[in-house]
>>> print(open('protein10.cif').read())   # mmCIF, C-alpha atoms
data_structure
#
loop_
_atom_site.label_atom_id
_atom_site.label_comp_id
_atom_site.auth_asym_id
_atom_site.auth_seq_id
_atom_site.Cartn_x
_atom_site.Cartn_y
_atom_site.Cartn_z
CA MET A 1 -18.19 -28.70 25.99
CA SER A 2 -16.65 -29.09 22.57
CA VAL A 3 -15.48 -32.48 21.35
CA GLU A 4 -11.89 -31.20 21.49
CA VAL A 5 -12.24 -30.24 25.17
CA ASN A 6 -13.79 -33.64 25.87
CA VAL A 7 -10.93 -35.51 24.18
CA VAL A 8 -8.23 -33.56 26.06
CA SER A 9 -10.12 -33.99 29.33
CA ALA A 10 -10.35 -37.76 28.75
CA TYR A 11 -6.62 -37.87 27.92
CA TRP A 12 -5.65 -36.37 31.27
CA GLY A 13 -8.28 -38.42 33.12
CA ALA A 14 -6.81 -41.64 31.72
CA ALA A 15 -3.27 -40.51 32.59
CA GLU A 16 -4.30 -39.73 36.16
CA GLU A 17 -5.93 -43.17 36.46
CA ARG A 18 -2.95 -44.91 34.76
CA ASP A 19 -5.66 -46.46 32.58
CA TRP A 20 -3.36 -47.13 29.64
CA ASP A 21 -6.03 -48.92 27.61
CA ALA A 22 -8.31 -45.89 27.79
CA TYR A 23 -5.31 -43.63 27.15
CA GLY A 24 -4.28 -45.58 24.06
CA ALA A 25 -7.85 -45.61 22.74
CA LEU A 26 -7.70 -41.80 22.45
CA LEU A 27 -4.62 -41.91 20.23
CA ALA A 28 -4.41 -42.38 16.47
CA GLU A 29 -2.26 -45.33 15.43
CA ASP A 30 0.28 -42.90 13.92
CA VAL A 31 0.22 -40.32 16.72
CA VAL A 32 3.38 -38.21 17.00
CA TYR A 33 4.57 -36.74 20.31
CA GLU A 34 7.23 -34.05 20.58
CA ALA A 35 8.83 -32.27 23.52
CA PRO A 36 10.58 -29.22 22.01
CA GLN A 37 12.58 -28.40 25.15
CA SER A 38 14.52 -31.67 25.03
CA ARG A 39 13.89 -32.45 21.35
CA GLU A 40 12.29 -35.79 22.22
CA ARG A 41 9.97 -37.43 19.71
CA VAL A 42 7.89 -40.59 19.97
CA ARG A 43 6.04 -42.05 16.98
CA GLY A 44 3.05 -44.35 17.10
CA ARG A 45 0.41 -45.33 19.63
CA SER A 46 2.15 -48.32 21.20
CA ALA A 47 5.49 -46.49 21.59
CA TYR A 48 3.75 -43.46 23.07
CA VAL A 49 1.74 -45.49 25.57
CA ARG A 50 4.96 -47.26 26.61
CA PHE A 51 6.79 -43.92 26.92
CA ASN A 52 4.17 -42.72 29.38
CA ARG A 53 3.72 -46.00 31.23
CA GLU A 54 7.43 -46.66 31.71
CA GLY A 55 9.08 -43.25 31.40
CA PHE A 56 7.51 -41.55 34.41
CA PRO A 57 7.42 -43.97 37.36
CA GLY A 58 6.51 -42.91 40.86
CA GLU A 59 3.62 -40.95 42.25
CA TRP A 60 2.31 -37.99 40.32
CA HIS A 61 -1.12 -36.47 40.02
CA VAL A 62 -2.72 -34.33 37.37
CA GLN A 63 -4.82 -31.27 38.13
CA ILE A 64 -6.41 -29.67 35.09
CA ILE A 65 -6.22 -25.88 35.28
CA LYS A 66 -7.59 -25.05 31.82
CA ILE A 67 -8.52 -26.79 28.58
CA VAL A 68 -9.15 -24.87 25.35
CA GLY A 69 -10.55 -26.58 22.27
CA GLY A 70 -11.90 -25.83 18.83
CA ASP A 71 -11.46 -26.56 15.14
CA ARG A 72 -9.81 -29.96 15.67
CA SER A 73 -7.17 -28.56 18.06
CA GLY A 74 -6.83 -28.52 21.81
CA ALA A 75 -4.57 -26.98 24.43
CA SER A 76 -4.26 -27.76 28.11
CA TRP A 77 -2.62 -26.23 31.14
CA ILE A 78 -2.21 -28.75 33.94
CA SER A 79 -0.47 -28.83 37.26
CA LEU A 80 1.50 -31.99 38.05
CA SER A 81 2.11 -32.69 41.71
CA TYR A 82 4.69 -35.15 42.99
CA ALA A 83 5.02 -37.14 46.21
CA ASP A 84 7.76 -34.77 47.49
CA GLY A 85 5.35 -31.84 47.32
CA THR A 86 6.77 -30.22 44.18
CA VAL A 87 4.30 -28.94 41.65
CA GLN A 88 5.00 -28.23 38.00
CA PRO A 89 2.89 -26.68 35.26
CA GLY A 90 2.56 -28.53 31.96
CA LEU A 91 1.33 -27.00 28.72
CA SER A 92 0.20 -29.29 25.91
CA PHE A 93 -1.08 -28.79 22.38
CA PHE A 94 -3.14 -31.43 20.58
CA GLU A 95 -4.29 -32.10 17.05
CA ILE A 96 -7.44 -34.20 16.75
CA ASP A 97 -8.73 -35.90 13.58
CA GLU A 98 -12.29 -36.33 12.25
CA ARG A 99 -12.63 -39.59 14.20
CA ASP A 100 -11.81 -37.64 17.41
CA MET A 101 -8.44 -39.38 17.74
CA ILE A 102 -5.35 -37.47 18.86
CA THR A 103 -2.81 -37.32 16.04
CA ARG A 104 -0.22 -34.96 17.50
CA ILE A 105 0.82 -33.92 21.00
CA THR A 106 3.42 -31.29 21.84
CA ASP A 107 4.15 -30.45 25.45
CA PHE A 108 6.20 -28.02 27.53
CA TRP A 109 7.35 -28.16 31.15
CA PRO A 110 8.50 -24.70 32.29
CA GLU A 111 10.56 -24.12 35.42
CA THR A 112 10.44 -21.20 37.83
CA TYR A 113 12.76 -18.26 37.18
CA GLU A 114 13.77 -15.06 38.95
CA LEU A 115 12.02 -11.82 38.09
CA PRO A 116 14.48 -9.71 36.04
CA ALA A 117 15.34 -6.50 37.92
CA SER A 118 14.88 -4.54 34.68
CA ARG A 119 11.11 -4.92 34.83
CA ALA A 120 10.54 -5.21 38.59
CA HIS A 121 9.04 -1.69 38.70
CA LEU A 122 6.36 -2.75 36.19
CA VAL A 123 4.85 -5.69 38.10
CA GLU A 124 3.60 -6.91 41.45
CA ARG A 125 4.52 -10.35 42.83
CA TYR A 126 2.17 -13.05 44.03
CA MET B 1 -11.64 -18.90 12.24
CA SER B 2 -13.34 -18.51 15.58
CA VAL B 3 -13.56 -15.13 17.25
CA GLU B 4 -11.18 -16.39 19.95
CA VAL B 5 -8.54 -17.34 17.37
CA ASN B 6 -8.99 -13.94 15.70
CA VAL B 7 -8.50 -12.07 18.99
CA VAL B 8 -5.35 -14.00 19.91
CA SER B 9 -3.99 -13.58 16.39
CA ALA B 10 -4.61 -9.82 16.55
CA TYR B 11 -2.90 -9.68 19.97
CA TRP B 12 0.32 -11.17 18.61
CA GLY B 13 0.08 -9.15 15.41
CA ALA B 14 -0.10 -5.92 17.40
CA ALA B 15 2.82 -7.02 19.61
CA GLU B 16 4.95 -7.81 16.58
CA GLU B 17 4.14 -4.38 15.11
CA ARG B 18 4.68 -2.62 18.47
CA ASP B 19 1.28 -1.08 17.75
CA TRP B 20 0.45 -0.40 21.39
CA ASP B 21 -2.81 1.37 20.58
CA ALA B 22 -4.10 -1.68 18.70
CA TYR B 23 -2.70 -3.91 21.45
CA GLY B 24 -4.46 -1.96 24.19
CA ALA B 25 -7.73 -1.95 22.24
CA LEU B 26 -7.86 -5.76 22.55
CA LEU B 27 -7.63 -5.63 26.36
CA ALA B 28 -10.42 -5.18 28.88
CA GLU B 29 -9.90 -2.23 31.20
CA ASP B 30 -9.44 -4.63 34.14
CA VAL B 31 -7.29 -7.21 32.33
CA VAL B 32 -5.07 -9.30 34.61
CA TYR B 33 -1.76 -10.76 33.46
CA GLU B 34 0.13 -13.45 35.36
CA ALA B 35 3.44 -15.21 34.74
CA PRO B 36 3.38 -18.25 37.07
CA GLN B 37 7.08 -19.06 36.65
CA SER B 38 8.21 -15.77 38.22
CA ARG B 39 4.94 -15.00 40.04
CA GLU B 40 4.60 -11.67 38.24
CA ARG B 41 1.20 -10.05 38.02
CA VAL B 42 0.05 -6.89 36.23
CA ARG B 43 -3.43 -5.46 36.67
CA GLY B 44 -5.25 -3.18 34.27
CA ARG B 45 -4.94 -2.20 30.63
CA SER B 46 -2.64 0.78 30.97
CA ALA B 47 -0.22 -1.01 33.33
CA TYR B 48 -0.15 -4.04 31.07
CA VAL B 49 0.51 -2.02 27.91
CA ARG B 50 3.32 -0.24 29.75
CA PHE B 51 4.73 -3.57 30.99
CA ASN B 52 5.00 -4.79 27.40
CA ARG B 53 6.13 -1.50 25.87
CA GLU B 54 8.85 -0.82 28.46
CA GLY B 55 9.66 -4.22 29.94
CA PHE B 56 11.02 -5.91 26.82
CA PRO B 57 13.23 -3.50 24.91
CA GLY B 58 15.37 -4.55 21.98
CA GLU B 59 14.64 -6.51 18.87
CA TRP B 60 12.34 -9.50 19.07
CA HIS B 61 9.96 -11.04 16.61
CA VAL B 62 6.90 -13.19 17.04
CA GLN B 63 6.19 -16.26 14.95
CA ILE B 64 2.82 -17.87 15.62
CA ILE B 65 3.11 -21.66 15.68
CA LYS B 66 -0.43 -22.49 16.80
CA ILE B 67 -3.54 -20.78 18.11
CA VAL B 68 -6.44 -22.69 19.66
CA GLY B 69 -9.71 -21.00 20.51
CA GLY B 70 -13.24 -21.76 21.64
CA ASP B 71 -15.83 -21.03 24.30
CA ARG B 72 -14.38 -17.61 25.24
CA SER B 73 -10.88 -19.01 25.77
CA GLY B 74 -7.75 -19.05 23.68
CA ALA B 75 -4.28 -20.57 23.79
CA SER B 76 -1.24 -19.77 21.71
CA TRP B 77 2.16 -21.29 21.08
CA ILE B 78 4.56 -18.77 19.62
CA SER B 79 8.25 -18.68 18.88
CA LEU B 80 10.11 -15.50 19.90
CA SER B 81 13.33 -14.79 18.05
CA TYR B 82 15.94 -12.31 19.26
CA ALA B 83 18.63 -10.32 17.47
CA ASP B 84 21.35 -12.66 18.79
CA GLY B 85 19.71 -15.61 17.04
CA THR B 86 18.20 -17.23 20.11
CA VAL B 87 14.67 -18.54 19.81
CA GLN B 88 12.29 -19.24 22.66
CA PRO B 89 8.83 -20.81 22.75
CA GLY B 90 6.06 -18.96 24.56
CA LEU B 91 2.76 -20.50 25.66
CA SER B 92 -0.14 -18.23 26.56
CA PHE B 93 -3.68 -18.74 27.78
CA PHE B 94 -6.38 -16.11 27.31
CA GLU B 95 -9.86 -15.45 28.64
CA ILE B 96 -12.08 -13.36 26.38
CA ASP B 97 -15.35 -11.69 27.36
CA GLU B 98 -18.62 -11.26 25.46
CA ARG B 99 -17.34 -8.02 23.95
CA ASP B 100 -14.34 -9.94 22.56
CA MET B 101 -11.95 -8.20 24.97
CA ILE B 102 -9.14 -10.08 26.65
CA THR B 103 -9.72 -10.22 30.42
CA ARG B 104 -6.95 -12.58 31.51
CA ILE B 105 -3.57 -13.61 30.11
CA THR B 106 -1.26 -16.22 31.61
CA ASP B 107 1.99 -17.06 29.90
CA PHE B 108 4.91 -19.48 30.19
CA TRP B 109 8.45 -19.32 28.79
CA PRO B 110 10.05 -22.77 28.96
CA GLU B 111 13.79 -23.34 28.61
CA THR B 112 15.60 -26.24 26.99
CA TYR B 113 16.59 -29.17 29.21
CA GLU B 114 18.61 -32.36 28.87
CA LEU B 115 16.86 -35.62 28.07
CA PRO B 116 16.85 -37.73 31.27
CA ALA B 117 18.87 -40.92 30.75
CA SER B 118 16.07 -42.89 32.46
CA ARG B 119 13.80 -42.52 29.44
CA ALA B 120 16.35 -42.22 26.62
CA HIS B 121 15.48 -45.74 25.37
CA LEU B 122 11.85 -44.71 24.92
CA VAL B 123 12.37 -41.77 22.51
CA GLU B 124 14.16 -40.55 19.44
CA ARG B 125 15.81 -37.10 19.26
CA TYR B 126 15.23 -34.43 16.68
#
>>> encode(input="protein10.cif", output="structure tokens")
Amino acid sequence: MSVEVNVVSAYWGAAEERDWDAYGALLAEDVVYEAPQSRERVRGRSAYVRFNREGFPGEWHVQIIKIVGGDRSGASWISLSYADGTVQPGLSFFEIDERDMITRITDFWPETYELPASRAHLVERY
Amino acid sequence: MSVEVNVVSAYWGAAEERDWDAYGALLAEDVVYEAPQSRERVRGRSAYVRFNREGFPGEWHVQIIKIVGGDRSGASWISLSYADGTVQPGLSFFEIDERDMITRITDFWPETYELPASRAHLVERY
């Protein structure tokens, strides 16, 4: 496994464990987080740990579907499951410095949508 | 650049050019495409080229924001812009075989959402 895959895997492992010390230890002091869908930004390790620790209470669990890494970048596709049984995919992109610290995180949380009728003849459903 | 980054870059370049021969040449004969949000699936190179050629008419342009690649996998974050000025992010994951052909594509098209009030004190907006 590449170092980038290891770092992203450790990031999600620490989140699943709510091990915020381990989580913070993966982040550069000046890490920047952005969520383009809601135009949220969080700057700095302590603010970003707090965002995660306090911003998402309740029961949720992380299942890693895929991690891609190389050349100081990483990407992950996870499935988040909640106590009410809902499941949501999450897609995250990471930049990782020479000390193997995460310097930038951008994530996306897509929702389900209806298949457009205009292309229904071109696909199968699953 | 890794071979995986090159393959994903060529994939989006061919899409932008509507060069469906070049696009198809990047795909394994038994490529499988899935869109988890709408549970669409397309199997096989010719069906998948047709899906793209016929399923998304009109003017759209691809801007590559980020490509990550390694260990026979790739991930891309693109921005699609439409003639009406709307812009949408697209996140795609790729599996690539030993012949550098794409065997699996999974993509996600997230929409904007409102910042939840519950975490508004933990972020800035941009």
>>> residues_around(input="protein10.cif", residues="Tyr48 of chain B", least_positions_apart="5", cutoff="8 Å", atoms="all atoms listed in the file", output="VMD selection string")
chain B and resid 31 33 42 to 43
>>> resolve_selection(input="protein10.cif", expression="the PyMOL selection byres ((chain B) within 6 of (chain A))", output="ChimeraX atom specification")
/B:37-42,51,55,69-70,110,112-115,119,122-126
>>> resolve_selection(input="protein10.cif", expression="the PyMOL selection byres ((chain A and resi 63) around 9)", output="list in words")
Trp12, Glu16, His61, Val62, Ile64, Ile65, Trp77, Ile78, Ser79, Leu80 and Ser81 of chain A
>>> closest_residue(input="protein10.cif", among="A:Val3, A:Ala10, A:Tyr82, A:Arg18", to="Glu98 of chain A", atoms="only C-alpha atoms")
A:Val3
>>> atom_distance(input="protein10.cif", atom1="atom CA of Ser9 of chain B", atom2="atom CA of Leu27 of chain B")
13.3 Å
>>> resolve_selection(input="protein10.cif", expression="the PyMOL selection byres ((chain B and resi 23-25) around 7)", output="list in words")
Tyr11, Ala14, Ala15, Asp19, Trp20, Asp21, Ala22, Leu26, Leu27, Arg45 and Val49 of chain B
>>> atom_distance(input="protein10.cif", atom1="atom CA of Val8 of chain A", atom2="atom CA of Ile102 of chain A")
8.7 Å
>>> atom_distance(input="protein10.cif", atom1="atom CA of Ala28 of chain B", atom2="atom CA of Thr103 of chain B")
5.3 Å
